[in-house]
Structures are given as structure tokens and as C-alpha cells.
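So the structure is just underneath, and the comments pick up after that.
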Amino acid sequence: MIDVVMPQMGESIVEGTLTKWLKKAGDRVERDEPLFEISTDKVDTEIPSPSAGVLAEILVEEGKTVAVNTVVARIDEKGEARPAAAAVTRAAEAVKPAPPAVPTVQAQPAPAETAATATESAAEPSEAELGPLSPLVRKMAREHNLDLREVRGTGAGGRITKQDVEAYLAARAARGGAVPPAPAPQPVPATAPPPAPEAMPTAPAAEVPVARPEAPKTRIEPMSIMRAKIAEHMVMSKRTSAHVTTVHRIDMTAVARLRERFKEEVKARYGYSLTFLPFFVRAACEALRAFPIVNASIEGSNIIYHNEINIGIAVALEGGLIVPVIRRADELNVLGLQRAIVDLASRARSRQLKPDEVHGGTFSITNFGSNGSLFGTPVINQPQVAILGIGVVEKAPVVINDAIAIRHVSLTGLTFDHRLIDGALADQFMQKVKSVLEGWSEQVL
């Protein structure tokens with residue numbers, strides 16, 4: 001038997017929620033075939049099968065949250081697919097069929113009694129439904145064949161009063177509703193009274209406005225598992241790190257001209273667009289080499305310096321976000337970085353990321369400028385100590401040698417953990433990023 005475990009989707013992740021099984025116990029599965037879906041604060045994705053075989057046991061039900069490395073299922077490598085009814089599933093309890101009901105003989109009520117009971121049940125709801133009802137209200141309901149569930153009570157605690165019933169009947173008549181049934185004929189006495197004078201015609205009853213229920217002013221729905229996990233992680237990050245942000249204006253004109261020169265050729269040759277983001281990633285890698293403490297993390301009172309530069313790229317999803325990691329990003333050129341960004345982003349949105357692709361980041365970048373934002377103050381992705389936020393690259397007037405020129409400009413900021421990084425060092429890091437981008441000399445093709 002092969003154990004299937006809850007994977008760890010990041011350094012700070014200690015649990016995950018199994019949201020959906022894509023296979024049933026007894027089904028045949030192939031290696032790397034999607035087996036189940038999980039949700040954490042870093043990823044909401046499908047988990048592939050670690051081996052080919054038969055899904056012999058499901059040990060964790062859908063919707064359960066378990067610790068990482070918990071065994072959630074077992075796969076029989078030598079087993080054969082069998083009907084789901086015969087498969088072993090420990091997560092669900094066996095349901096025993098109920099014994100057949102024994103028919104009982106009951107005395108049948110008289111037809112008249114049955115009809116009366118049915119009429120009374122339909123016309124007179126119980127007090128558990130509508131609260132206490134006066135005998136007069138019940139009588140009016142019977143005489144007019146009225147379902148009191150349709151009447152809005154205005155009495156104490158929502159109690160239905162005589163006035164409520166009369167208002168409802170008047171409104172129903174004004175709408176052209178059913179005419180109340182005539183009262184039953186009374187027995188004629190032996191000596192008939194003199195005929196009553198002819199009734200004078202009366203004016204039609206004034207239309208009574210019908211009270212309409214107000215539209216709800218709020219709508220309450222629970223957070224998705226991913227949204228709740230993100231919220232928890234963000235609050236934990238703000239509680240852990242002393243957040244400070246420094247913003248620098250970067251002249252992107254040299255990069256913009258190079259991008260304009262090669263973007264069509266890159267699109268035709270490789271099938272993806274050349275954006276500004278890989279240039280920022282490349283500049284950040286140069287700065288991280290120069291200032292390795294920005295690529296570090298904190299563990300207690302110790303500083304952990306990472307030998308690899310693994311850049312996490314924030315990717316927006318429907319209802320959340322995820323930060324897949326470009327490993328050894330400093331070893332890639334602009335085209336290699338662009339290819340990695342496109343690949344990770346597309347697979348993140350199609351829920352095809354692997355667990356190790358959201359694990360091991362040492363520095364993160366978020367490009368909120370892609371949505372037109374000038375700049376922002378992003379939250380540090382724990383346990384890292386800094387995150388680069390890129391504002392929109394747009395044309396703006398800039399003073400150069402006492403003259404006004406139109407340049408491509410971006411407001412780019414570094415949010416850093418002041419427990420480890422001081423403001424002067426953060427600004428030195430940003431000056432390095434700025435100098436690489438403003439003096440860009442590396443070729444794209």
C-alpha cells in the first residue's frame with residue numbers, strides 16, 4: 001500500500017483543508033492524475049496521485065482540515081478497480097438499511113370527520129407557527145377560507161389581530177382576489193319578519209396599500225477556505241514583522257524602449273508577451289546579490305541567510321491570490337524569467353501548481369501596477385523579511401537638466417521588516433534596483 005499524505009504547501013503552512021475528492025474508493029488512478037483538491041492560505045489546487053493503482057481507502061472526508069503529512073488515503077499498487085459499493089472507505093460510516101415498516105391497522109374516521117379535520121388543518125395553522133390566535137380571528141379565517149400564513153400580524157410580537165385580517169381581506173378584494181364565500185343560510189322562523197328596505201348602493205371600498213417586505217440591507221455568506229486562510233496569514237504577518245515601506249521613483253525609459261523594440265519578435269517567436277515584470281525581477285536579483293540580508297529570514301533570534309535566490313511572484317486568482325516561486329531566479333535571463341512567470345501564472349489560475357512550486361521562496365514581488373495602481377504597501381510573505389511592490393509604468397513629465405521631458409516612470413516600493421533591515425539599508429537596496437533599471441544594458445534576444 002502507498003500512503004497519500006496532506007502535502008506541505010509552504011514553510012509556514014502546518015495544515016490544509018481537503019475540499020474535494022476527485023476519485024472514489026475503488027477507482028483506478030494513474031500516477032500524477034489529479035486525486036483530490038486542497039485549500040491553504042498559499043494555494044487552492046489539485047494534488048496528483050503519487051502512484052498508479054487502485055484507491056483502496058479514503059481516510060479523510062471532504063471539508064476536513066488536517067495537519068501536513070497526515071495520511072488521507074491509501075493506494076493499492078497491485079489492486080484492480082472494483083465497484084464503489086465494495087470499496088473500503090473509513091471516512092464514511094456504514095449505513096444499515098432500515099427494517100421494513102410493519103403495517104398497522106387503524107380505525108378510519110368517518111368521511112365527514114375527515115373532511116372537517118382537513119379543512120381545519122389547512123385554514124387554522126398551529127400556534128407554534130403563528131403564535132396565539134384569538135377565537136374571533138380563527139372564526140374569520142374559517143368563514144373566508146383564509147390561510148392565516150398569508151396575513152402579516154401587527155400585534156404584540158407579530159400576533160395577528162382582527163384588524164390585520166380585515167385589512168388583508170380588503171386588499172385581496174381590491175386586487176380582484178377570490179370573493180369570500182357567503183355565510184351559510186340561517187333557518188327561517190315560522191313567522192317571517194317584514195322584508196328589509198332595499199339597501200342603498202355604497203361606494204366601493206378604498207384600495208388599501210399592500211405592505212411589501214423591504215429588501216434585505218445586508219447579505220451574509222461565509223469566507224471561502226482560501227480567503228479565511230489568507231486573512232489569517234496576513235494578520236499573522238502584521239503581528240510578526242515591523243512593517244515599513246520606502247518608495248522610489250524609477251525612470252523606466254531605457255527598459256521601455258528595449259521592450260518596444262523586441263516585444264513583437266518575442267511574441268512571434270515564443271508565443272507570449274514581453275512585460276516589464278521580468279526586468280524588475282532581474283534587477284531585484286542583482287540587488288539581492290549585493291544585499292543578501294534582504295534575502296534572509298528570521299528564526300527566533302537567529303538570522304538565516306539563504307544561498308539561493310528564489311523569487312515568489314504574487315498571482316491574483318478569483319477570490320484570492322497565490323505566490324508561486326521561481327527557483328534560482330538569478331540564473332535566468334529576461335526571457336527565461338518571462339517564460340517562468342507566464343507558466344506559473346497560467347497553471348496557478350488553472351489549479352495545476354505542484355506543492356513544491358509554492359514552497360521555499362526567499363523574496364517576493366507583487367505587481368499591482370498591472371491594475372493601474374501607482375504604488376502600495378504590501379504585506380510581507382512570512383517568513384521572508386521583504387517584498388517589492390511595483391507601481392504602474394506610465395509616461396510622466398520629469399525635470400532633466402532644468403528641462404521638462406516625458407519619461408516612462410514607475411513608483412516602486414520595498415516593504416521590509418524593521419526588526420532586521422534598517423531604513424538606510426532598504427534605500428541602498430532600492431538604489432541598486434533603480435540603477436540597474438535606469439542604466440539597462442543587457443540584451444533581450
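Convention: chains lettered A, B, ... in C-alpha cells order; per-chain residue numbering from 1; ligands numbered from 1 as shown.
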>> Applying 7 Å and only C-alpha atoms, which residues near stretch 261-277 of chain A remain after dropping the ones on its own chain fewer than 4 positions away? List them as a ChimeraX atom specification.
In response: /A:257,281,338
Keeping only C-alpha atoms, write the selected residues as a compact mmCIF listing (two decimals), in the first residue's frame.
# COMPACT_ATOMS: atom_id res chain seq x y z
CA ARG A 257 12.44 51.37 -25.45
CA VAL A 281 12.81 40.56 -11.24
CA GLN A 338 9.23 35.88 -18.59
> Could you pull out all residues of stretch 237-271 of chain A with a DSSP call of strand (DSSP E or B) and give them as a PyMOL selection string?
Replying inline: chain A and resi 243-251
Store the residues of this selection in a file with N, CA and C atoms, as a CSV table (one decimal), in the first residue's frame.
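Saved as selection22.csv:
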chain,number,residue,atom,x,y,z
A,243,HIS,N,6.5,46.3,10.0
A,243,HIS,CA,6.4,46.7,8.6
A,243,HIS,C,6.8,48.2,8.3
A,244,VAL,N,7.7,48.4,7.4
A,244,VAL,CA,8.0,49.8,6.9
A,244,VAL,C,8.1,49.7,5.4
A,245,THR,N,7.7,50.8,4.7
A,245,THR,CA,7.7,50.8,3.3
A,245,THR,C,8.5,52.1,2.8
A,246,THR,N,9.4,51.9,1.9
A,246,THR,CA,10.1,53.0,1.3
A,246,THR,C,9.8,53.0,-0.2
A,247,VAL,N,9.5,54.1,-0.8
A,247,VAL,CA,9.1,54.2,-2.2
A,247,VAL,C,10.1,55.1,-3.0
A,248,HIS,N,10.5,54.6,-4.2
A,248,HIS,CA,11.4,55.3,-5.1
A,248,HIS,C,10.8,55.4,-6.5
A,249,ARG,N,11.1,56.5,-7.1
A,249,ARG,CA,10.7,56.8,-8.5
A,249,ARG,C,11.8,56.3,-9.4
A,250,ILE,N,11.4,55.4,-10.3
A,250,ILE,CA,12.4,54.8,-11.2
A,250,ILE,C,12.1,55.2,-12.7
A,251,ASP,N,13.1,55.7,-13.4
A,251,ASP,CA,12.9,56.0,-14.8
A,251,ASP,C,13.1,54.7,-15.6
>> For a quick check of understanding, using only C-alpha atoms, which of A:Val385, A:Val72, A:Val315, A:Val4 has the smallest distance to A:Phe363?
In response: A:Val385
> Residues at most 7 Å from A:Gly16, counting only C-alpha atoms, excluding those fewer than 2 positions away in the same chain, as JSON, numbers by chain?
Replying inline: {"A": [18, 38, 39, 40, 65, 66, 67, 68]}
> When you draw a straight line from atom CA of A:Ser297 to atom CA of A:Pro324, how long is it in Å?
Replying inline: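 Result for atom CA of A:Ser297 versus atom CA of A:Pro324: 18.0 Å, one decimal.
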> Which residue out of A:Phe291, A:Asp356, A:Ala254, A:Val151 has the minimum interatomic distance to A:Ala424 when only C-alpha atoms are used?
Replying inline: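 Residue with the minimum atom-to-atom distance to A:Ala424: A:Phe291.
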> With only C-alpha atoms as the atoms that count, which of A:Gly376, A:Ala283, A:Ala403, A:Ile304 lies nearest to A:Lys432?
Replying inline: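 So, comparing all the options, the nearest one is A:Ala283.
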>> Residues within 7 Å of A:Gln352, please, as a list in words. Count only C-alpha atoms; anything in the same chain fewer than 5 positions from it doesn't count.
In response: Thr45, Glu46 and Arg347 of chain A
Could you save those same residues with C-alpha atoms as a short mmCIF file (atom, residue, chain, number, x, y, z; two decimals), in the first residue's frame?
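Written file, selection.cif:
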data_model
loop_
_atom_site.label_atom_id
_atom_site.label_comp_id
_atom_site.auth_asym_id
_atom_site.auth_seq_id
_atom_site.Cartn_x
_atom_site.Cartn_y
_atom_site.Cartn_z
CA THR A 45 -5.11 23.38 -6.02
CA GLU A 46 -5.36 19.76 -7.12
CA ARG A 347 -1.00 27.00 -14.05
#
Per-residue nearest contacts stretch 258-342 of chain A to stretch 221-235 of chain A, cut-off 12 Å, using only C-alpha atoms, as JSON lines:
{"residue": "A:Leu317", "atom": "CA", "partner": "A:Met226", "partner_atom": "CA", "distance": 10.5}
{"residue": "A:Glu318", "atom": "CA", "partner": "A:Arg227", "partner_atom": "CA", "distance": 10.2}
{"residue": "A:Gly319", "atom": "CA", "partner": "A:Arg227", "partner_atom": "CA", "distance": 6.8}
{"residue": "A:Gly320", "atom": "CA", "partner": "A:Arg227", "partner_atom": "CA", "distance": 6.0}
{"residue": "A:Leu321", "atom": "CA", "partner": "A:Ile230", "partner_atom": "CA", "distance": 8.2}
{"residue": "A:Ile322", "atom": "CA", "partner": "A:Ile230", "partner_atom": "CA", "distance": 9.3}
{"residue": "A:Val323", "atom": "CA", "partner": "A:Ile230", "partner_atom": "CA", "distance": 11.4}
Write a file of the just-selected residues containing N, CA and C atoms, as a PDB file, in the first residue's frame.
ATOM      1  N   LEU A 317      -5.917  35.473  -8.128  1.00  0.00           N
ATOM      2  CA  LEU A 317      -6.894  34.460  -8.501  1.00  0.00           C
ATOM      3  C   LEU A 317      -8.283  34.985  -8.197  1.00  0.00           C
ATOM      4  N   GLU A 318      -9.275  34.290  -8.680  1.00  0.00           N
ATOM      5  CA  GLU A 318     -10.650  34.660  -8.352  1.00  0.00           C
ATOM      6  C   GLU A 318     -10.903  34.350  -6.878  1.00  0.00           C
ATOM      7  N   GLY A 319     -11.090  35.391  -6.087  1.00  0.00           N
ATOM      8  CA  GLY A 319     -11.348  35.200  -4.675  1.00  0.00           C
ATOM      9  C   GLY A 319     -10.107  35.024  -3.818  1.00  0.00           C
ATOM     10  N   GLY A 320      -8.914  35.305  -4.353  1.00  0.00           N
ATOM     11  CA  GLY A 320      -7.708  35.145  -3.543  1.00  0.00           C
ATOM     12  C   GLY A 320      -6.460  35.403  -4.350  1.00  0.00           C
ATOM     13  N   LEU A 321      -5.335  34.967  -3.828  1.00  0.00           N
ATOM     14  CA  LEU A 321      -4.067  35.094  -4.528  1.00  0.00           C
ATOM     15  C   LEU A 321      -3.157  33.962  -4.100  1.00  0.00           C
ATOM     16  N   ILE A 322      -2.076  33.789  -4.857  1.00  0.00           N
ATOM     17  CA  ILE A 322      -1.115  32.735  -4.598  1.00  0.00           C
ATOM     18  C   ILE A 322       0.256  33.257  -5.005  1.00  0.00           C
ATOM     19  N   VAL A 323       1.313  32.712  -4.399  1.00  0.00           N
ATOM     20  CA  VAL A 323       2.669  33.202  -4.659  1.00  0.00           C
ATOM     21  C   VAL A 323       3.545  32.033  -5.085  1.00  0.00           C
TER      22      VAL A 323
END
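Straight-line separation from atom CA of A:Glu308 to atom CA of A:Arg328: 5.8 Å.
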> Taking only C-alpha atoms into account, which of A:Val71, A:Ala405, A:Ala386, A:Cys285 comes nearest A:Asn333?
Replying inline: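 Between A:Val71, A:Ala405, A:Ala386, A:Cys285, the residue approaching A:Asn333 most closely is A:Cys285.
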>> I'd like the neighbourhood of stretch 417-421 of chain A as number ranges by chain, where a residue qualifies if any of its atoms comes within 12 Å (using only C-alpha atoms), though same-chain residues fewer than 3 positions away should be ignored.
In response: A: 237-246, 291-305, 378-387, 414, 424-429
>> Nearest residue to A:Ser370 out of A:Asp422, A:Asp147, A:Glu357, A:Glu394, using only C-alpha atoms?
In response: A:Glu394
>> If I take atom CA of A:Pro397 and atom CA of A:Gln443, how far is one from the other in Å, to one decimal?
In response: 27.1 Å
>> Residues near A:Ala56, anyone? I mean within 6 Å using only C-alpha atoms, not counting same-chain ones fewer than 3 positions away, as a PyMOL selection string.
In response: chain A and resi 25-26+74-76
